[in-house]
Amino acid sequence: MFKTITIATISILFLSNFAIAKVFQTKNKALELSFPNATEIEKRQIFLSTDQITEAEQLAKTRINSKLYIFYVAKKGEDEIGYAVIDTHKLRTSTETVLFVIEPNGKLKKAEILAFFEPQDYMQGGKWVNLFLDKDLTDSLVVGKDVPNITGATITSHSFAEATRKVLAIYDIAVKSSENYTKKD
């Protein structure tokens, strides 16, 4: 009897973790909505050198854990009208996936949570996320200084701020100069 109750309890706890996971939007739909005037969205791979990683880490004030990043370049005719990158980062025990849209001037135009795999109580709200809009790396984007902390979701707020600084730094270092691109069809 005890063994049956234990197995049932573990099963309920295990399955409840899946119930908190939520995907809000697909990559393709998010890109389409982010760039409604684009005639083309081109996928580009960015391979960061060791020097670029060091420079990005200094700018972002956080670690860069990968040498490869995928940027989506929105074009209207031949003009590049915006850039997007999807970042998945660890929170407490699981992850969050965010689409960051960056204007050609390096300012954050949009940040949209595509998936959140922690309890919804820990998820940052849209008003808080909007505090990052129209910001670039000249803004410190540090929780507790320029951006208020989210009570009860400290890890989430710090992770989101770090991810924002990271993608803005990578944009500044690697995307502004098109020679770093590798086109991916």
# chains A, B, ... in the order shown; residues from 1 in each chain; ligands from 1

$ residues_around --residues "His89 in chain A" --least-positions-apart "3" --cutoff "8 Å" --atoms "only C-alpha atoms" --output "MDAnalysis selection string"
chainID A and resid 95:97 159 163

$ residues_around --residues "Leu114 in chain A" --least-positions-apart "5" --cutoff "12 Å" --atoms "only C-alpha atoms" --output "number ranges by chain"
A: 21-31, 85-89, 95-100, 123

$ closest_atom_pairs --of "range 20-89 of chain A" --to "range 128-151 of chain A" --cutoff "10 Å" --atoms "only C-alpha atoms" --output "CSV"
residue,atom,partner,partner_atom,distance
A:Leu59,CA,A:Leu137,CA,7.4
A:Ala60,CA,A:Leu137,CA,7.7
A:Lys61,CA,A:Ser140,CA,9.3

$ write_last_selection --atoms "N, CA and C atoms" --output "PDB file, in the first residue's frame"
ATOM      1  N   LEU A  59      30.945  43.841 -22.239  1.00  0.00           N
ATOM      2  CA  LEU A  59      29.835  44.755 -22.499  1.00  0.00           C
ATOM      3  C   LEU A  59      28.559  44.333 -21.763  1.00  0.00           C
ATOM      4  N   ALA A  60      28.282  43.039 -21.794  1.00  0.00           N
ATOM      5  CA  ALA A  60      27.030  42.526 -21.229  1.00  0.00           C
ATOM      6  C   ALA A  60      27.100  42.309 -19.716  1.00  0.00           C
ATOM      7  N   LYS A  61      28.310  42.260 -19.192  1.00  0.00           N
ATOM      8  CA  LYS A  61      28.506  41.971 -17.758  1.00  0.00           C
ATOM      9  C   LYS A  61      27.894  40.628 -17.365  1.00  0.00           C
TER      10      LYS A  61
END

$ select_by_dssp --residues "range 12-143 of chain A" --states "strand (DSSP E or B)" --output "PyMOL selection string"
chain A and resi 22-23+40-47+68-76+79-90+95-102+108-116+143

$ write_last_selection --atoms "N, CA and C atoms" --output "compact mmCIF listing (two decimals), in the first residue's frame"
# COMPACT_ATOMS: atom_id res chain seq x y z
N LYS A 22 4.86 26.00 -20.61
CA LYS A 22 3.93 26.60 -21.55
C LYS A 22 4.70 27.23 -22.71
N VAL A 23 4.28 26.88 -23.91
CA VAL A 23 4.80 27.51 -25.12
C VAL A 23 3.72 28.49 -25.57
N GLU A 40 11.26 39.86 -46.64
CA GLU A 40 12.07 38.65 -46.47
C GLU A 40 12.64 38.63 -45.05
N ILE A 41 12.72 37.45 -44.49
CA ILE A 41 13.43 37.28 -43.22
C ILE A 41 14.50 36.23 -43.47
N GLU A 42 15.74 36.69 -43.38
CA GLU A 42 16.89 35.85 -43.68
C GLU A 42 17.51 35.32 -42.39
N LYS A 43 17.83 34.05 -42.38
CA LYS A 43 18.46 33.43 -41.23
C LYS A 43 19.98 33.51 -41.41
N ARG A 44 20.66 34.04 -40.39
CA ARG A 44 22.12 34.16 -40.45
C ARG A 44 22.75 33.56 -39.19
N GLN A 45 23.81 32.82 -39.42
CA GLN A 45 24.55 32.23 -38.30
C GLN A 45 25.71 33.15 -37.96
N ILE A 46 25.88 33.40 -36.68
CA ILE A 46 26.99 34.20 -36.19
C ILE A 46 27.91 33.26 -35.40
N PHE A 47 29.16 33.18 -35.83
CA PHE A 47 30.16 32.40 -35.10
C PHE A 47 31.09 33.39 -34.41
N LEU A 68 27.95 30.13 -31.16
CA LEU A 68 27.02 30.19 -32.28
C LEU A 68 25.71 30.85 -31.86
N TYR A 69 25.31 31.84 -32.64
CA TYR A 69 24.01 32.49 -32.45
C TYR A 69 23.34 32.63 -33.80
N ILE A 70 22.04 32.46 -33.81
CA ILE A 70 21.25 32.60 -35.04
C ILE A 70 20.51 33.94 -34.96
N PHE A 71 20.76 34.79 -35.92
CA PHE A 71 20.03 36.05 -36.03
C PHE A 71 19.12 35.97 -37.25
N TYR A 72 17.96 36.56 -37.13
CA TYR A 72 17.02 36.65 -38.23
C TYR A 72 17.00 38.11 -38.67
N VAL A 73 17.32 38.33 -39.94
CA VAL A 73 17.44 39.68 -40.48
C VAL A 73 16.20 39.96 -41.32
N ALA A 74 15.43 40.95 -40.88
CA ALA A 74 14.23 41.34 -41.62
C ALA A 74 14.61 42.37 -42.66
N LYS A 75 14.18 42.11 -43.89
CA LYS A 75 14.51 43.02 -44.99
C LYS A 75 13.24 43.52 -45.66
N LYS A 76 13.33 44.74 -46.13
CA LYS A 76 12.29 45.30 -46.99
C LYS A 76 13.04 45.73 -48.24
N ASP A 79 16.97 46.72 -47.97
CA ASP A 79 17.25 47.35 -46.68
C ASP A 79 16.98 46.40 -45.52
N GLU A 80 17.92 46.36 -44.58
CA GLU A 80 17.73 45.59 -43.35
C GLU A 80 16.96 46.48 -42.37
N ILE A 81 15.76 46.05 -42.00
CA ILE A 81 14.89 46.89 -41.16
C ILE A 81 14.84 46.45 -39.70
N GLY A 82 15.43 45.31 -39.40
CA GLY A 82 15.44 44.86 -38.02
C GLY A 82 16.07 43.49 -37.90
N TYR A 83 16.36 43.12 -36.66
CA TYR A 83 17.05 41.87 -36.37
C TYR A 83 16.36 41.19 -35.20
N ALA A 84 16.35 39.88 -35.23
CA ALA A 84 15.77 39.13 -34.12
C ALA A 84 16.72 37.99 -33.75
N VAL A 85 16.73 37.66 -32.49
CA VAL A 85 17.49 36.52 -32.00
C VAL A 85 16.65 35.86 -30.92
N ILE A 86 16.68 34.55 -30.91
CA ILE A 86 15.94 33.79 -29.89
C ILE A 86 16.96 33.26 -28.90
N ASP A 87 16.70 33.55 -27.64
CA ASP A 87 17.62 33.13 -26.58
C ASP A 87 16.87 32.25 -25.58
N THR A 88 17.43 31.09 -25.32
CA THR A 88 16.89 30.21 -24.27
C THR A 88 17.90 30.20 -23.15
N HIS A 89 17.43 30.55 -21.97
CA HIS A 89 18.33 30.61 -20.81
C HIS A 89 17.69 29.94 -19.61
N LYS A 90 18.57 29.49 -18.73
CA LYS A 90 18.15 28.76 -17.53
C LYS A 90 17.63 29.72 -16.48
N THR A 95 13.85 26.40 -18.10
CA THR A 95 14.27 27.46 -19.01
C THR A 95 13.14 28.39 -19.41
N GLU A 96 13.58 29.47 -20.03
CA GLU A 96 12.70 30.46 -20.64
C GLU A 96 13.27 30.74 -22.02
N THR A 97 12.40 30.91 -23.01
CA THR A 97 12.84 31.25 -24.36
C THR A 97 12.22 32.59 -24.74
N VAL A 98 13.08 33.51 -25.16
CA VAL A 98 12.64 34.87 -25.46
C VAL A 98 13.09 35.25 -26.87
N LEU A 99 12.19 35.88 -27.60
CA LEU A 99 12.53 36.48 -28.89
C LEU A 99 12.85 37.95 -28.63
N PHE A 100 14.07 38.36 -28.98
CA PHE A 100 14.48 39.74 -28.86
C PHE A 100 14.53 40.35 -30.26
N VAL A 101 13.89 41.50 -30.45
CA VAL A 101 13.92 42.20 -31.72
C VAL A 101 14.72 43.48 -31.51
N ILE A 102 15.71 43.67 -32.38
CA ILE A 102 16.64 44.78 -32.24
C ILE A 102 16.55 45.65 -33.49
N LEU A 108 16.62 47.92 -28.34
CA LEU A 108 15.68 46.82 -28.24
C LEU A 108 14.29 47.32 -28.61
N LYS A 109 13.71 46.71 -29.62
CA LYS A 109 12.37 47.11 -30.08
C LYS A 109 11.29 46.28 -29.41
N LYS A 110 11.60 45.00 -29.16
CA LYS A 110 10.58 44.09 -28.64
C LYS A 110 11.26 42.93 -27.93
N ALA A 111 10.63 42.45 -26.89
CA ALA A 111 11.06 41.23 -26.21
C ALA A 111 9.80 40.45 -25.90
N GLU A 112 9.73 39.26 -26.46
CA GLU A 112 8.53 38.45 -26.29
C GLU A 112 8.90 37.07 -25.78
N ILE A 113 8.25 36.66 -24.71
CA ILE A 113 8.49 35.34 -24.14
C ILE A 113 7.75 34.33 -25.02
N LEU A 114 8.52 33.43 -25.61
CA LEU A 114 7.93 32.40 -26.48
C LEU A 114 7.57 31.15 -25.70
N ALA A 115 8.38 30.84 -24.68
CA ALA A 115 8.12 29.65 -23.86
C ALA A 115 8.65 29.89 -22.46
N PHE A 116 7.93 29.37 -21.49
CA PHE A 116 8.31 29.53 -20.08
C PHE A 116 8.03 28.21 -19.38
N VAL A 143 19.15 44.80 -12.88
CA VAL A 143 18.04 44.68 -11.93
C VAL A 143 18.48 45.24 -10.58

$ atom_distance --atom1 "CA of Glu118 in chain A" --atom2 "CA of Ala161 in chain A"
17.0 Å

$ closest_residue --among "A:His158, A:Ala38, A:Lys127, A:Tyr171" --to "Glu78 in chain A" --atoms "only C-alpha atoms"
A:Ala38

$ residues_around --residues "range 63-66 of chain A" --least-positions-apart "3" --cutoff "10 Å" --atoms "only C-alpha atoms" --output "list in words"
Phe47, Leu48, Gln52, Ile53, Thr54, Glu55, Ala56, Glu57, Gln58, Ala60, Tyr69, His89, Glu162, Ala163, Lys166, Val167, Ala169 and Ile170 of chain A
